[in-house]
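These notes concern the structure reproduced below.
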Amino acid sequence: MRIPSARTLLTAFWLATGLLSVAAPAAAQNPSDPTGQSIETLVQKADALIQAGQYDAALRTAQEAVTASEAARSGGREGVPPALVARAYNALGVAQAFKQMPEAEAALRRALSLREQHFGAEHPEVAQSLANLAMFYRLRGNYQAAEPLYRRALEIIENVRGPEHPELAMVLNNVALFYKTKGDYAAAEPLYRRALEIREKALGAGHPDVAATANNLAELYRTQGRYAAAEPLYQRARAIWEKTLGREHPYVATVLTNLALLYKDQGDYQRAEPYFQEALSLRERIFGPEHPEVATAASNLAELYRVQGDYTAAEPLYRRAIAICEARLGPAHSELAIGLNNAAAMYRDRGDYTTAEPLYRRALDIWEKALGPQHPLVANALNNLGELYRMQDRPDQARPLLERALGIREKALGAGHPLVASTLANLGVVELELGNLAAAGQDFTRALSIAEQAVGPTHPLVASILNHLGHLSRRRGDDAGAESFYQRSFRIRQQVLGPGHPDLVASAMHLSLLYLARRQAQTAGEWLARATDLSEADARRNLVVGSERQKILYAQRAGHLAELTVAWQVRYFPAEATAARLALLTVLRHKGRVLDVLANQTAALRRRATAADRQVLDDLQAARNRLTQLAGKPEAQDERAQLERTIEQLESQLGERFAQLGAQLQTVTFEAVQAALPKNAALIEYVIYRPLDPSQTDRLAPKRHLAAYLLRAGDPAPRFIELGELEPIETRLAAFRRALGNPQSDVRPLARALDEQLLAPVRSRLGKARHLFIAPDGSANLIPFEALVDERGRYLVERYDITLLTSGRDLVRLEAKRPPERRRGLVIADPRFDLGEQAAQQPAGQPANGMRSVDFQTVVYPPLPGTRREAQLLQRTFQEAEVVLGEAATESRLKAMHAPLYLHIGTHGFFLPKTRPNRARRNHGSWGWLWRAVRLSGKIPCCGPV
């Protein structure tokens, strides 16, 4: 199974970020000179904006200060000392550095040069410029250039201020942060400890600056996996800041975030969540909803939900974080790349590799340009992109990316870092897929040793590596070893991840497959049952979000589980009641589930839609209509592609809104479906499956079969009925459908043969059932079962009351909505199409270009008096029917009828030129009206009559 994504969030804002707050010298304060005073005001404003994180505004203000300073200097005006000009350049360079602009280097170097000329080489303001220039290089990953600048700044402050001065502690803090970022933890720790000691002596144990260093030292320990040492330091920093600064302060939000990360890194997700939520809420109150720090907080919370497998909660937070960063920081900022990378991990986990890959590539491009090719964030992108390629069965493309990521991480973070273990495990999977078992074993063994030491033996990362070792053991033929690894992995995931996590489903599936391979059928069934329940919890939570395409991709996982469970039951327990119930249950939980979600989503949004929701629904419908109009037009390829992207975005928006309304799928149980069957009724659930391979019983055979599960009212369990290989059945289905579209064909023999294939094996077991609830599968969804002919030569509609379902799961919904009163039938015929705008003159029913996807508004529709007579005949036969004719036959009247007992629509049909019917009508006996209703493709305009 996949490794947890690299931790690529900017999760902690260290309070000493490389900026030394040195008071402006007295020479710069000249109230009598308006030019100097105005520049001083601009510089102070720029500094304040930087501290508030408003970098765009800071950049404009600092640029204004620099421009005014240079103008004053070039004009020969006095009162603008070099120290003030240097401060203006310093503010400009720092703002540019936070915006990751290369121009920052020139501005910071200009400030350094001015200060060296004015103050000399050994002045605190020179040290500030050195530290800020070093910060710029650190942010870009240029550690070689940064280190001597930090060292020189440290030396100046120590010489000028002495070894116990608080300003020295500030520089020590910054230099320690540099070494921590570089991955040199051994060098960072003594510097943090010395800074903490100085501040405690100089400022007192309860000073906010003491809390800053305690927080930063805790961050170092968390990064090293020394969680027990980190937590008390975080709690100390929190207590100091809440007491001295108040609970509504950004520093408090910082330490709450860091505590949440500590618990998340330990796999204690329940404890982490309220801290992340509180940090987000606090930053929203302090900075407003559109600030970059709010984006970071939202992204942190989203990442927590992602690793828990709760994509419904994660996706809107990722979208929000990305939108804020793009708007406030620009399209090339490294913090934006963090959001892109983590959102890509979510889409990857959901199986949507098409959406994930360009996000990963964009993040990699941003980081390489902004930070350089050797930065740890670049390694994160390489690792994640390589893992994606591995999941796409592209191991040859994955390996070089993972090897490069491993080299960067080992150099930057050290050989014992958990991210090194993550990349090693990914490389091991690639080697395993390439057949290099020895290399895979070495990678997995080393990864496990690092992970257990760095994050502890019950961390999700350890569970993932154990899972990989289980796969390796199976490839080596060591089933006992595989069982041990799989079981341990499952126990960790069960303890840490919760019942709805997809990784837990995967662990149960791996154990099922292992026991199938060992032909331990009973034990395999127990694990399949667990996997089914876990998969249902996952689907109920995550199928409500995403576009239709993304929902289908996610649902495919449950499809494999359903097929495997059916194959298991057929092979080992074909007549056993418990096994049959389990197999049917997996089918009921999977089959047509996405269609249910989409239907429920649209209905719920229509009922509770805001004006914005209605606009999205209308935009979606308009885009879909336009896409239909462009079908078959090669010249519209670009427009179609753009429409498809628009439709996916709108569908995703609706999915998010559906989730916000508290949407969650109802749990599907066998007992609920069984209880919903009316008396004298039966459910026929068709299912396409592949049997277990006789030689490898943990794999499915290549040929697909069609089967049916028959559940009669009152039966304790369904019966499995094998119908044969799917291919010849599909051939008969296709022939029957072609015949239905050709009025010259004799359909009865084909209808009889298809009945013999699909219904006859079931009919002998129906007993007294006369109401059939049929849930087809595959292309059987496209045929009218009522038109099949039984062995007595009768249409099935003469013998049974037939209701078609997506799956037997629909019975529960039908039971809940079944009206107590007797329903009426509805007959609509002889519609008028001349009530709206005048249509273009064209022969009736003639497509404009021979295609079905025509602009139907350009067609003239003459009256259909034959359908009126037909409707009147039906009214005499079915006296309770409601008959709607002529001008009353409108779309709104049709939609106003809820669940009619039966529905007959007599309207126009369209045919391709080669299959256009002649005027002679073939006699199909007393059921000719049914024949035409099945055969014709009707037209219902968007507004106006039917």
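By order in the structure tokens, chains are A, B, ...; within a chain, residues start at 1; ligands start at 1, following the order shown.
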(message) Give me the residues near A:Leu168 as a VMD selection string, where near means some atom within 9 Å (using only C-alpha atoms) and where sequence neighbours in that chain fewer than 4 positions away do not count.
(response) chain A and resid 154 157 to 158 161 to 164 172 to 173 195 198
Please produce a file of the residues just selected, as a CSV table (one decimal), in the first residue's frame, where the atoms kept are all heavy atoms.
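This went into part.csv:
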```csv
chain,number,residue,atom,x,y,z
A,154,LEU,N,26.7,36.4,13.6
A,154,LEU,CA,26.8,35.9,15.0
A,154,LEU,C,28.0,36.4,15.6
A,154,LEU,O,28.0,36.9,16.8
A,154,LEU,CB,26.8,34.4,14.9
A,154,LEU,CG,26.9,33.6,16.3
A,154,LEU,CD1,25.6,34.0,17.1
A,154,LEU,CD2,27.0,32.1,16.1
A,157,ILE,N,27.6,40.3,16.5
A,157,ILE,CA,26.8,40.6,17.7
A,157,ILE,C,27.4,40.2,19.0
A,157,ILE,O,27.4,40.9,20.0
A,157,ILE,CB,25.4,39.9,17.5
A,157,ILE,CG1,24.6,40.5,16.3
A,157,ILE,CG2,24.6,40.0,18.8
A,157,ILE,CD1,24.3,42.0,16.5
A,158,GLU,N,28.1,39.0,18.9
A,158,GLU,CA,28.8,38.6,20.1
A,158,GLU,C,29.9,39.5,20.5
A,158,GLU,O,30.1,39.8,21.7
A,158,GLU,CB,29.3,37.1,19.9
A,158,GLU,CG,29.8,36.5,21.2
A,158,GLU,CD,29.8,35.0,21.2
A,158,GLU,OE1,29.8,34.4,20.0
A,158,GLU,OE2,29.8,34.3,22.2
A,161,ARG,N,27.9,43.1,21.5
A,161,ARG,CA,26.9,43.1,22.6
A,161,ARG,C,27.4,42.2,23.7
A,161,ARG,O,26.9,42.4,24.8
A,161,ARG,CB,25.6,42.5,22.1
A,161,ARG,CG,25.0,43.3,20.9
A,161,ARG,CD,24.6,44.8,21.3
A,161,ARG,NE,23.8,45.4,20.3
A,161,ARG,CZ,23.6,46.7,20.3
A,161,ARG,NH1,24.2,47.5,21.1
A,161,ARG,NH2,22.8,47.2,19.4
A,162,GLY,N,28.3,41.3,23.5
A,162,GLY,CA,28.7,40.4,24.6
A,162,GLY,C,28.0,39.1,24.5
A,162,GLY,O,27.0,38.9,23.9
A,163,PRO,N,28.5,38.1,25.3
A,163,PRO,CA,28.0,36.7,25.2
A,163,PRO,C,26.7,36.5,25.9
A,163,PRO,O,26.1,35.4,25.8
A,163,PRO,CB,29.1,35.9,25.8
A,163,PRO,CG,29.8,36.8,26.8
A,163,PRO,CD,29.7,38.2,26.2
A,164,GLU,N,26.2,37.4,26.6
A,164,GLU,CA,24.9,37.2,27.4
A,164,GLU,C,23.8,38.2,26.9
A,164,GLU,O,22.8,38.3,27.6
A,164,GLU,CB,25.2,37.4,28.9
A,164,GLU,CG,26.3,36.5,29.4
A,164,GLU,CD,25.9,35.1,29.4
A,164,GLU,OE1,24.7,34.8,29.5
A,164,GLU,OE2,26.8,34.2,29.3
A,172,LEU,N,21.5,33.6,17.5
A,172,LEU,CA,21.7,32.2,17.7
A,172,LEU,C,20.4,31.4,17.2
A,172,LEU,O,20.5,30.4,16.6
A,172,LEU,CB,22.0,31.9,19.2
A,172,LEU,CG,23.3,32.3,19.7
A,172,LEU,CD1,23.3,32.3,21.3
A,172,LEU,CD2,24.4,31.4,19.2
A,173,ASN,N,19.3,32.0,17.5
A,173,ASN,CA,18.0,31.4,17.1
A,173,ASN,C,18.0,31.3,15.6
A,173,ASN,O,17.6,30.2,15.1
A,173,ASN,CB,16.9,32.2,17.7
A,173,ASN,CG,15.6,31.5,17.8
A,173,ASN,OD1,15.5,30.5,18.6
A,173,ASN,ND2,14.6,31.8,17.0
A,195,ALA,N,20.7,29.9,23.1
A,195,ALA,CA,19.8,31.0,23.0
A,195,ALA,C,18.7,31.0,24.1
A,195,ALA,O,18.4,32.0,24.7
A,195,ALA,CB,19.1,31.0,21.6
A,198,ILE,N,20.4,32.1,27.4
A,198,ILE,CA,20.6,33.6,27.5
A,198,ILE,C,19.3,34.3,27.7
A,198,ILE,O,19.3,35.2,28.6
A,198,ILE,CB,21.2,34.0,26.1
A,198,ILE,CG1,22.7,33.5,26.0
A,198,ILE,CG2,21.2,35.6,26.1
A,198,ILE,CD1,23.3,33.8,24.6
```
(request) Once DSSP has gone over the backbone, tell me which residues of stretch 543-744 of chain A are in strand (DSSP E), as a VMD selection string. (result) chain A and resid 681 to 689 705 to 712 719 to 725
(request) Step one, run DSSP on the backbone; step two, keep only residues of stretch 350-535 of chain A assigned to helix (DSSP H, G or I); then write them as number ranges by chain. (result) A: 353-371, 376-391, 395-413, 418-433, 437-455, 460-475, 479-496, 502-517, 521-535
(request) Point out the residue among A:Phe287, A:Tyr305, A:Phe98, A:Tyr800 with the least atom-to-atom distance to A:His771, counting only C-alpha atoms. (result)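 Nearest candidate to A:His771 out of A:Phe287, A:Tyr305, A:Phe98, A:Tyr800: A:Tyr800.
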(request) List the neighbours of A:Asn90 out to 8 Å using only C-alpha atoms; skip same-chain residues closer than 2 positions along the sequence, and give me the result as a list in words. (result) Ala86, Arg87, Ala88, Leu92, Gly93, Val94, Ala107, Leu108, Ala111 and Ser129 of chain A
(message) When you look at A:Leu424 with a cut-off of 10 Å (counting only C-alpha atoms), what residues show up, excluding the ones that are within fewer than 6 positions of it in the same chain? I need them as a VMD selection string.
(response) chain A and resid 383 402 to 403 405 to 406 418 430 440 442 to 448 450 465
